[in-house]
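Okay, work33.txt now, which holds compact mmCIF, C-alpha atoms:
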```txt
# COMPACT_ATOMS: atom_id res chain seq x y z
CA MET A 106 139.23 139.27 152.23
CA HIS A 107 135.95 139.18 154.08
CA SER A 108 135.84 141.97 156.66
CA ALA A 109 133.19 142.94 159.19
CA LEU A 110 132.57 145.14 162.21
CA TRP A 111 130.56 143.96 165.23
CA MET A 112 127.87 146.37 166.50
CA PHE A 113 124.60 146.64 168.44
CA ALA A 114 121.09 147.94 167.87
CA TRP A 115 121.66 150.87 170.23
CA ASP A 116 124.43 152.12 167.93
CA LEU A 117 121.89 152.38 165.11
CA ARG A 118 119.27 153.98 167.34
CA ASP A 119 121.55 156.52 169.04
CA GLU A 120 123.86 157.45 166.16
CA GLY A 121 121.61 156.81 163.16
CA VAL A 122 121.39 153.87 160.77
CA GLU A 123 122.78 155.73 157.75
CA LYS A 124 125.58 157.38 159.71
CA VAL A 125 126.86 154.18 161.29
CA LEU A 126 126.54 151.97 158.21
CA ASP A 127 127.96 154.59 155.82
CA PHE A 128 130.92 154.89 158.20
CA ALA A 129 131.41 151.11 157.98
CA GLN A 130 131.36 151.33 154.18
CA ASP A 131 133.91 154.15 154.20
CA LEU A 132 136.25 152.01 156.31
CA GLY A 133 136.34 149.52 153.45
CA LEU A 134 134.41 146.78 155.23
CA LYS A 135 132.43 144.12 153.40
CA ALA A 136 129.86 143.41 156.15
CA VAL A 137 128.51 144.32 159.57
CA ASN A 138 127.77 141.83 162.35
CA ILE A 139 124.76 143.17 164.27
CA ALA A 140 123.79 141.48 167.54
CA SER A 141 120.49 139.69 167.00
CA SER A 142 120.36 138.16 170.50
CA TYR A 143 122.71 138.95 173.34
CA HIS A 144 123.48 138.45 177.02
CA ALA A 145 123.86 141.12 179.71
CA GLY A 146 126.93 143.17 180.48
CA ARG A 147 128.14 146.62 181.36
CA PHE A 148 129.44 148.54 178.37
CA THR A 149 131.44 151.75 178.18
CA LEU A 150 130.39 153.62 175.04
CA PRO A 151 133.06 156.25 174.28
CA HIS A 152 131.33 157.92 171.31
CA ASN A 153 127.64 157.25 171.93
CA PRO A 154 125.71 160.57 172.08
CA VAL A 155 123.05 159.23 174.49
CA ASN A 156 124.85 157.01 177.03
CA ARG A 157 128.49 156.59 177.97
CA VAL A 158 127.75 153.53 180.11
CA THR A 159 124.92 151.06 179.55
CA MET A 160 123.72 147.75 181.00
CA PRO A 161 121.46 146.11 178.39
CA GLU A 162 118.69 143.65 179.18
CA ASP A 163 119.74 140.03 179.51
CA GLY A 164 118.95 137.44 176.87
CA VAL A 165 116.69 139.50 174.61
CA ALA A 166 116.33 139.67 170.83
CA TYR A 167 117.20 142.77 168.82
CA PHE A 168 115.11 141.86 165.77
CA HIS A 169 111.40 141.15 165.32
CA PRO A 170 110.89 137.37 165.48
CA GLN A 171 108.45 135.34 163.40
CA MET A 172 106.73 133.79 166.41
CA ASP A 173 105.07 130.97 164.46
CA LEU A 174 108.53 129.38 164.13
CA TYR A 175 108.68 128.83 167.91
CA GLN A 176 105.43 126.91 168.34
CA GLU A 177 107.20 123.64 169.11
CA THR A 178 109.22 124.96 172.05
CA LYS A 179 108.31 126.71 175.29
CA LEU A 180 111.39 128.92 174.94
CA LYS A 181 110.34 132.15 173.24
CA PRO A 182 112.38 135.18 172.17
CA VAL A 183 111.50 138.50 173.77
CA VAL A 184 112.30 141.68 171.88
CA GLY A 185 114.52 144.09 173.81
CA THR A 186 113.23 147.55 174.65
CA VAL A 187 115.65 149.23 172.25
CA SER A 188 114.12 147.33 169.31
CA ARG A 189 110.50 147.04 170.38
CA GLU A 190 109.17 150.03 168.46
CA VAL A 191 111.64 149.96 165.59
CA ASP A 192 113.03 146.90 163.81
CA TRP A 193 116.62 148.05 163.43
CA PHE A 194 117.52 144.90 161.53
CA ASP A 195 114.94 145.76 158.90
CA ARG A 196 116.22 149.32 158.56
CA ALA A 197 119.85 148.19 158.53
CA GLY A 198 119.19 145.45 155.99
CA LYS A 199 117.54 147.85 153.56
CA HIS A 200 120.31 150.43 153.85
CA LEU A 201 123.06 147.83 153.54
CA GLN A 202 121.53 146.64 150.27
CA LYS A 203 121.71 150.20 148.97
CA ILE A 204 125.38 150.64 149.84
CA GLY A 205 126.52 147.15 148.93
CA LEU A 206 127.43 145.74 152.36
CA ARG A 207 126.37 142.38 153.77
CA LEU A 208 124.28 141.79 156.88
CA VAL A 209 125.39 139.16 159.39
CA ALA A 210 123.32 138.28 162.47
CA TRP A 211 125.65 137.96 165.48
CA THR A 212 123.67 135.44 167.50
CA ILE A 213 124.31 134.42 171.11
CA CYS A 214 122.83 130.95 171.55
CA ALA A 215 122.96 128.95 174.82
CA HIS A 216 124.25 131.87 176.90
CA ASN A 217 120.92 133.26 178.06
CA THR A 218 120.21 133.97 181.73
CA ARG A 219 116.71 135.30 181.08
CA LEU A 220 115.56 132.04 179.54
CA GLY A 221 117.55 130.02 182.06
CA LEU A 222 115.79 131.63 185.01
CA LEU A 223 112.39 131.19 183.35
CA HIS A 224 113.07 127.54 182.48
CA PRO A 225 115.39 125.96 185.08
CA ASP A 226 114.69 122.51 183.62
CA CYS A 227 116.52 123.60 180.46
CA VAL A 228 119.85 124.69 181.96
CA VAL A 229 123.22 123.13 182.64
CA ARG A 230 123.40 121.39 186.03
CA ASN A 231 126.62 120.39 187.73
CA ALA A 232 127.42 117.04 189.35
CA PHE A 233 125.46 118.09 192.46
CA GLY A 234 122.38 119.04 190.43
CA ASP A 235 122.85 122.80 190.93
CA PRO A 236 121.57 124.89 188.00
CA TYR A 237 123.74 127.33 186.06
CA SER A 238 121.08 129.77 184.96
CA HIS A 239 123.32 131.49 182.45
CA GLY A 240 123.70 128.35 180.33
CA LEU A 241 120.95 126.58 178.39
CA CYS A 242 121.86 122.92 177.89
CA PRO A 243 122.43 121.95 174.24
CA ALA A 244 121.33 118.37 174.99
CA ASN A 245 117.85 119.58 175.98
CA GLU A 246 115.32 119.17 173.16
CA GLU A 247 113.48 122.39 174.08
CA VAL A 248 116.75 124.28 173.77
CA ARG A 249 117.71 122.60 170.51
CA THR A 250 114.30 123.35 169.00
CA TYR A 251 114.53 126.98 170.13
CA LEU A 252 118.01 127.52 168.70
CA LYS A 253 117.11 125.90 165.37
CA ALA A 254 114.04 128.13 165.16
CA LEU A 255 116.08 131.22 166.09
CA VAL A 256 118.61 130.64 163.32
CA ARG A 257 115.90 129.73 160.80
CA ASP A 258 114.07 132.94 161.75
CA LEU A 259 117.12 135.08 161.05
CA ALA A 260 118.12 133.23 157.90
CA THR A 261 114.74 133.94 156.30
CA HIS A 262 114.66 137.59 157.35
CA TYR A 263 116.19 140.86 156.17
CA GLY A 264 118.18 139.53 153.18
CA MET A 265 120.62 137.95 155.63
CA TYR A 266 124.06 137.00 154.28
CA ALA A 267 125.04 134.85 157.26
CA VAL A 268 124.13 133.92 160.82
CA GLN A 269 127.14 134.01 163.11
CA LEU A 270 126.82 131.63 166.07
CA GLU A 271 128.42 132.34 169.43
CA SER A 272 128.17 129.97 172.42
CA PRO A 273 125.97 127.25 170.86
CA GLY A 274 127.52 124.62 173.15
CA TYR A 275 127.87 123.99 176.87
CA MET A 276 128.47 127.02 179.08
CA GLY A 277 130.97 126.55 181.89
CA PHE A 278 131.02 127.21 185.63
CA SER A 279 132.57 130.68 185.39
CA HIS A 280 130.34 133.34 183.94
CA GLY A 281 131.51 136.73 185.19
CA HIS A 282 128.11 137.29 186.78
CA HIS A 283 127.49 140.27 189.06
CA HIS A 284 129.08 139.54 192.46
CA GLU A 285 130.09 136.00 191.47
CA ARG A 286 131.65 134.55 194.63
CA SER A 287 133.68 131.51 195.70
CA GLY A 288 135.67 130.80 198.84
CA VAL A 289 137.34 127.90 197.04
CA VAL A 290 140.09 128.62 194.54
CA PHE A 291 139.68 126.17 191.66
CA THR A 292 142.46 125.00 189.39
CA PRO A 293 141.59 124.93 185.66
CA PHE A 294 141.06 121.16 185.95
CA GLU A 295 138.72 121.53 188.92
CA GLU A 296 136.80 124.22 187.10
CA GLN A 297 136.41 121.80 184.19
CA LEU A 298 134.82 119.29 186.55
CA MET A 299 132.53 122.00 187.95
CA SER A 300 131.50 122.80 184.37
CA LEU A 301 130.34 119.31 183.38
CA CYS A 302 126.58 119.02 182.90
CA PHE A 303 124.54 116.20 184.41
CA CYS A 304 121.04 117.53 183.83
CA ASP A 305 118.25 115.06 183.07
CA ALA A 306 118.59 115.65 179.33
CA CYS A 307 122.32 114.88 179.39
CA LEU A 308 121.87 111.80 181.58
CA GLN A 309 119.09 110.38 179.42
CA ARG A 310 120.80 111.18 176.12
CA ALA A 311 124.12 109.72 177.31
CA GLU A 312 122.50 106.59 178.68
CA GLY A 313 120.77 106.18 175.32
CA THR A 314 124.23 105.67 173.82
CA GLY A 315 125.03 102.94 176.36
CA LEU A 316 127.09 105.19 178.63
CA ASP A 317 126.55 105.02 182.40
CA ALA A 318 126.48 108.79 182.91
CA ARG A 319 125.31 108.48 186.52
CA LYS A 320 128.49 106.58 187.33
CA VAL A 321 130.52 109.42 185.80
CA GLN A 322 128.47 111.94 187.77
CA ALA A 323 129.16 110.07 191.03
CA SER A 324 132.92 110.02 190.39
CA VAL A 325 133.00 113.76 189.61
CA ARG A 326 130.86 114.58 192.65
CA GLU A 327 133.06 112.46 194.92
CA HIS A 328 136.22 114.16 193.68
CA LEU A 329 134.75 117.64 194.16
CA ASP A 330 133.38 116.77 197.61
CA ASP A 331 136.88 115.81 198.68
CA LEU A 332 138.14 119.13 197.30
CA PHE A 333 135.54 121.04 199.32
CA ARG A 334 136.46 119.15 202.50
CA GLN A 335 140.22 119.64 202.12
CA SER A 336 140.31 123.15 200.61
CA PRO A 337 142.51 125.18 200.59
CA PHE A 338 144.66 122.03 200.53
CA ARG A 339 144.41 118.99 198.26
CA SER A 340 144.34 115.31 199.25
CA LYS A 341 147.46 113.39 198.26
CA GLY A 342 147.03 110.86 195.51
CA ARG A 343 144.10 112.62 193.91
CA PRO A 344 144.09 113.34 190.15
CA THR A 345 145.29 116.84 189.32
CA SER A 346 144.43 116.84 185.62
CA MET A 347 141.66 115.62 183.35
CA ALA A 348 144.02 112.96 181.96
CA GLY A 349 144.67 111.68 185.49
CA MET A 350 140.96 111.68 186.25
CA ILE A 351 140.28 109.68 183.09
CA ASP A 352 142.95 107.14 184.07
CA ARG A 353 141.04 106.55 187.30
CA HIS A 354 137.56 106.79 185.76
CA PRO A 355 137.73 105.66 182.10
CA ASP A 356 134.03 106.35 181.43
CA LEU A 357 134.77 110.05 181.85
CA GLU A 358 136.57 110.07 178.50
CA LYS A 359 133.47 108.62 176.84
CA PHE A 360 131.35 111.26 178.58
CA LEU A 361 133.56 114.07 177.26
CA ALA A 362 133.26 112.61 173.75
CA PHE A 363 129.49 112.45 174.25
CA ARG A 364 129.40 116.17 175.06
CA LYS A 365 131.23 116.97 171.83
CA SER A 366 128.74 114.83 169.90
CA VAL A 367 125.87 116.82 171.43
CA GLU A 368 127.39 120.10 170.25
CA GLN A 369 128.30 118.67 166.85
CA SER A 370 124.84 117.30 166.15
CA LEU A 371 123.20 120.57 167.16
CA ILE A 372 125.28 122.56 164.65
CA GLU A 373 124.52 119.95 161.99
CA GLU A 374 120.80 120.28 162.66
CA ILE A 375 120.98 124.09 162.62
CA GLN A 376 122.78 124.01 159.27
CA ALA A 377 120.29 121.52 157.83
CA GLY A 378 117.47 123.84 158.91
CA ILE A 379 118.74 126.78 156.81
CA ARG A 380 120.32 125.02 153.85
CA ASP A 381 117.40 125.92 151.60
CA THR A 382 117.67 129.64 152.40
CA GLY A 383 121.05 130.41 150.84
CA CYS A 384 122.11 132.01 154.14
CA LYS A 385 125.60 131.06 155.33
CA LEU A 386 126.45 129.75 158.80
CA PHE A 387 129.51 131.11 160.62
CA LEU A 388 130.75 129.70 163.94
CA ILE A 389 132.88 131.56 166.49
CA SER A 390 135.48 129.26 168.05
CA PHE A 391 137.34 130.30 171.20
CA GLY A 392 139.95 127.58 170.72
CA THR A 393 141.34 125.41 167.96
CA PRO A 394 138.53 124.75 165.48
CA SER A 395 136.96 121.30 165.49
CA SER A 396 137.84 119.29 162.38
CA GLU A 397 134.34 117.76 162.50
CA LEU A 398 132.59 121.15 162.61
CA VAL A 399 134.72 122.48 159.77
CA ARG A 400 132.79 120.19 157.45
CA VAL A 401 129.46 121.61 158.63
CA VAL A 402 129.79 125.42 158.67
CA ASP A 403 130.69 127.94 155.98
CA ALA A 404 133.25 129.78 158.09
CA MET A 405 135.13 129.18 161.33
CA GLU A 406 135.91 132.38 163.19
CA ILE A 407 138.74 132.30 165.71
CA ILE A 408 139.75 134.99 168.18
CA VAL A 409 143.14 136.73 168.18
CA TYR A 410 142.33 139.40 170.76
CA HIS A 411 145.37 140.97 172.44
CA LYS A 412 147.75 139.05 170.18
CA LYS A 413 150.87 140.46 168.58
CA PRO A 414 151.28 139.96 164.82
CA ALA A 415 153.52 136.90 165.23
CA GLU A 416 151.09 135.34 167.70
CA ALA A 417 148.13 136.03 165.41
CA PHE A 418 150.06 134.51 162.51
CA ALA A 419 150.71 131.34 164.50
CA LEU A 420 147.11 130.97 165.66
CA VAL A 421 145.66 131.53 162.20
CA GLY A 422 148.21 129.17 160.66
CA GLN A 423 147.32 126.46 163.17
CA ALA A 424 143.61 126.93 162.52
CA LYS A 425 144.17 126.93 158.75
CA GLY A 426 145.79 123.54 159.13
CA VAL A 427 142.43 122.31 160.42
CA THR A 428 140.06 124.18 158.10
CA GLY A 429 142.10 123.77 154.93
CA GLU A 430 139.85 124.54 152.00
CA SER A 431 136.79 122.98 153.67
CA CYS A 432 135.48 126.33 154.89
CA ALA A 433 136.57 129.93 155.24
CA LEU A 434 138.66 131.07 158.19
CA HIS A 435 138.11 134.49 159.79
CA ALA A 436 140.00 136.06 162.71
CA GLY A 437 138.48 138.43 165.27
CA ILE A 438 140.58 141.40 166.38
CA ARG A 439 139.84 143.82 169.22
CA VAL A 440 140.20 147.46 168.21
CA GLY A 441 141.33 150.07 170.70
CA PHE A 442 142.04 147.53 173.42
CA GLU A 443 145.36 146.31 174.79
CA GLY A 444 147.92 145.46 172.11
CA VAL A 445 146.51 147.71 169.39
CA SER A 446 147.80 151.21 170.02
CA GLY A 447 147.82 152.65 166.53
CA PRO A 448 147.03 152.08 162.85
CA GLY A 449 150.41 150.45 162.35
CA ASP A 450 149.72 147.82 165.03
CA LEU A 451 146.30 147.04 163.60
CA GLY A 452 147.63 146.90 160.07
CA ASP A 453 150.39 144.49 161.09
CA ILE A 454 147.86 142.14 162.72
CA VAL A 455 145.55 142.20 159.69
CA ALA A 456 148.50 141.55 157.39
CA SER A 457 149.59 138.63 159.60
CA VAL A 458 146.13 137.09 159.43
CA LYS A 459 146.17 137.25 155.63
CA ALA A 460 149.76 135.97 155.37
CA ALA A 461 148.86 132.96 157.51
CA GLY A 462 146.03 132.00 155.16
CA GLY A 463 143.12 133.78 156.83
CA ASP A 464 140.15 134.54 154.60
CA GLY A 465 138.74 137.41 156.62
CA VAL A 466 139.04 139.74 159.61
CA LEU A 467 136.40 140.83 162.11
CA PHE A 468 136.74 143.95 164.24
CA TYR A 469 135.38 144.15 167.81
CA ASN A 470 133.44 146.41 168.14
CA TYR A 471 131.76 149.65 167.07
CA SER A 472 130.09 150.31 170.44
CA GLU A 473 133.10 149.98 172.71
CA ALA A 474 136.05 151.07 170.59
CA PRO A 475 137.06 154.75 170.66
CA MET A 476 136.29 156.52 167.38
CA ARG A 477 140.00 157.25 166.87
CA ALA A 478 140.74 153.51 166.96
CA LEU A 479 137.84 152.63 164.66
CA ARG A 480 139.30 154.89 161.98
CA TRP A 481 142.49 152.79 162.01
CA ILE A 482 140.50 150.00 160.33
CA LYS A 483 140.50 151.89 157.02
CA THR A 484 144.28 152.05 156.91
CA ALA A 485 144.62 148.45 158.05
CA LEU A 486 142.32 147.12 155.32
CA ALA A 487 143.89 149.30 152.63
CA GLY A 488 147.22 147.67 153.42
CA VAL A 489 146.01 144.20 152.42
CA GLU A 490 144.09 145.09 149.26
```
How does the structure come out when it is put into structure tokens?
Amino acid sequence: MHSALWMFAWDLRDEGVEKVLDFAQDLGLKAVNIASSYHAGRFTLPHNPVNRVTMPEDGVAYFHPQMDLYQETKLKPVVGTVSREVDWFDRAGKHLQKIGLRLVAWTICAHNTRLGLLHPDCVVRNAFGDPYSHGLCPANEEVRTYLKALVRDLATHYGMYAVQLESPGYMGFSHGHHHERSGVVFTPFEEQLMSLCFCDACLQRAEGTGLDARKVQASVREHLDDLFRQSPFRSKGRPTSMAGMIDRHPDLEKFLAFRKSVEQSLIEEIQAGIRDTGCKLFLISFGTPSSELVRVVDAMEIIVYHKKPAEAFALVGQAKGVTGESCALHAGIRVGFEGVSGPGDLGDIVASVKAAGGDGVLFYNYSEAPMRALRWIKTALAGVE
């Protein structure tokens, strides 16, 4: 089985490249997934010798970019402070080659508040035209050019085994931003409507397919305006689900299909841009994998966080029914979080993933998991050899 451990540049800086990567080898892992670009957050670091809590910079790169690849887009990567003086990817790549482990670039794509604030014309905009700065729009050509360059950059650097894509599609309304506020309580359906993008790029691209996207925008805006007027109540006779909304506004279904085509074509273009490098393309999926995307990427990676062995088995089995033999299927497991309280628990989940047809397991993550829990990985992997 493929097996990997997610980690960050500050792990290598604070604990030492050789120490961290040799530890990963001793666990029996085949690869490490190092964050190459990442969003902001607040992290608790239980075994870091420098910081126990950190808030990294938003939307920065943790490798040294080849800037000539970004000439055709105004979106440019900025190297984070932790990696400015030392290229940790370079050091990690060289040491991984020595010890026989693979390097995977864990790459956050459209989720980038730094770039969104710098380039508000490139972000997702709701039906009212309000920008969501945390989400670059995948229909925007500047964004597409940037993401293709970013992946090409990584694929031609450091002896990279694979680039792992996270969030290459549309970001939604909810973000978990600092002090995110709302006096209106949205249902999941209403949040879906708040998440739809009607930026200029989406409107123009949709209308180029013959779809009246402005008509769809008007229907979504009208529905949400009624919600805002009536909240905390709901008007009688109004749709309460996406299916009901589509029944009333049939063009909405075409618009949703258009959004999927935007995401699909972007992944296809990214893959085409690295096909000559020999570097693989992995895609993290937070739901059931897309049967269309399965034909494009080398591995689909689903999430089984907080799942019991039987639940993980069911999710992997369902996903395997989609991927078949078209591409590999990996499952991400959180270590040291809720649901994994010992080596036996972790071993049972790993065994369930393999029994259901999974081709690999990914462990989240070196920075945040207690060292005691990280050591359980060795026992868990030994149980499926």
**Asked** Using only C-alpha atoms, which residue out of A:Leu329, A:Met112, A:Met405, A:Ala166 lies closest to Tyr471 of chain A?
**Response**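 When distances to Tyr471 of chain A are compared using only C-alpha atoms, the smallest one comes from A:Met112.
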**Asked** From the list A:Cys227, A:Leu132, A:Val248, A:Val137, which residue is nearest Arg480 of chain A when using only C-alpha atoms?
**Response**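 Comparing A:Cys227, A:Leu132, A:Val248, A:Val137 against Arg480 of chain A, the winner is A:Leu132.
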**Prompt:** Given the choices A:His282, A:His328, A:Lys341, A:Arg310, which gets closest to Glu295 of chain A if the distance is worked out from only C-alpha atoms?
**Reply:**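 Looking only at the distances to Glu295 of chain A, the closest residue turns out to be A:His328.
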Determine, for each residue of segment 268-317 of chain A having at least one atom at most 10 Å from an atom of segment 141-161 of chain A, the closest pair of atoms and their separation in Å to one decimal, counting only C-alpha atoms; order by chain and ascending number, as a Markdown table.
```
| residue | atom | partner | partner_atom | distance |
| --- | --- | --- | --- | --- |
| A:Val268 | CA | A:Ser141 | CA | 9.2 |
| A:Gln269 | CA | A:Ser141 | CA | 9.6 |
| A:Glu271 | CA | A:Tyr143 | CA | 9.6 |
| A:Gly281 | CA | A:Gly146 | CA | 9.2 |
| A:His282 | CA | A:Gly146 | CA | 8.7 |
| A:His283 | CA | A:Gly146 | CA | 9.1 |
```
Keeping only C-alpha atoms, write the selected residues as a tab-separated table (two decimals), in the frame of the given file.
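As a result, selection13.tsv now contains:
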```
chain	number	residue	atom	x	y	z
A	268	VAL	CA	124.13	133.92	160.82
A	269	GLN	CA	127.14	134.01	163.11
A	271	GLU	CA	128.42	132.34	169.43
A	281	GLY	CA	131.51	136.73	185.19
A	282	HIS	CA	128.11	137.29	186.78
A	283	HIS	CA	127.49	140.27	189.06
```
**Message:** Set the distance at 10 Å and use all atoms listed in the file: which residues neighbour segment 238-242 of chain A once local chain neighbours fewer than 6 positions away are removed? I'd like the list as a ChimeraX atom specification.
**Reply:** /A:144,163-164,214-230,248-249,272-280,282,302-304,306-307,367-368
**Message:** Just checking: using all atoms listed in the file, which residue out of A:Tyr251, A:Tyr237, A:Gly465, A:Gly449 ends up closest to Lys483 of chain A?
**Reply:**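 Among A:Tyr251, A:Tyr237, A:Gly465, A:Gly449, it is A:Gly449 that comes nearest to Lys483 of chain A.
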What are the closest atom pairs, with distances in Å to one decimal, for all residues of segment 256-319 of chain A lying within 10 Å of segment 351-359 of chain A? Consider all atoms listed in the file, order rows by chain and residue number, and present the result as JSON lines.
```
{"residue": "A:Ala311", "atom": "CA", "partner": "A:Lys359", "partner_atom": "CA", "distance": 9.4}
{"residue": "A:Leu316", "atom": "CA", "partner": "A:Lys359", "partner_atom": "CA", "distance": 7.5}
{"residue": "A:Asp317", "atom": "CA", "partner": "A:Asp356", "partner_atom": "CA", "distance": 7.7}
{"residue": "A:Ala318", "atom": "CA", "partner": "A:Asp356", "partner_atom": "CA", "distance": 8.1}
```
**Asked** For Ser395 of chain A, which of A:Ala424, A:Ile375, A:Ala419, A:Ile408 is the closest residue, counting only C-alpha atoms?
**Response**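 For Ser395 of chain A, the nearest of the candidates is A:Ala424.
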Quick one: axis-aligned box around all listed atoms of segment 279-291 of chain A, 8 Å on every side, centre and edge lengths in Å to one decimal, written as lines of an AutoDock Vina configuration file.
```
center_x = 133.8
center_y = 133.2
center_z = 191.4
size_x = 28.6
size_y = 30.1
size_z = 30.9
```
**Asked** When you draw a straight line from atom CA of Asp131 of chain A to atom CA of Gly205 of chain A, how long is it in Å?
**Response**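 Atom CA of Asp131 of chain A sits 11.5 Å away from atom CA of Gly205 of chain A.
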**Asked** From the list A:Asp258, A:Asp464, A:Glu397, A:Glu416, which residue is nearest Ile379 of chain A when using only C-alpha atoms?
**Response**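 Ranking A:Asp258, A:Asp464, A:Glu397, A:Glu416 by distance to Ile379 of chain A, first place goes to A:Asp258.
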**Asked** How would you write as an MDAnalysis selection string the residues that get within 12 Å of (113.5, 134.2, 169.2) in the file's frame, counting all atoms listed in the file?
**Response** chainID A and resid 141:143 164:176 178:185 212:214 217 220 248 250:259
**Request:** Please measure the separation of atom CA of Thr393 of chain A and atom CA of Lys425 of chain A, giving the value in Å to one decimal.
**Result:**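 Between atom CA of Thr393 of chain A and atom CA of Lys425 of chain A the gap works out to 9.8 Å.
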**Request:** Please measure the separation of atom CA of Tyr410 of chain A and atom CA of His284 of chain A, giving the value in Å to one decimal.
**Result:**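 We find that atom CA of Tyr410 of chain A and atom CA of His284 of chain A lie 25.4 Å from each other.
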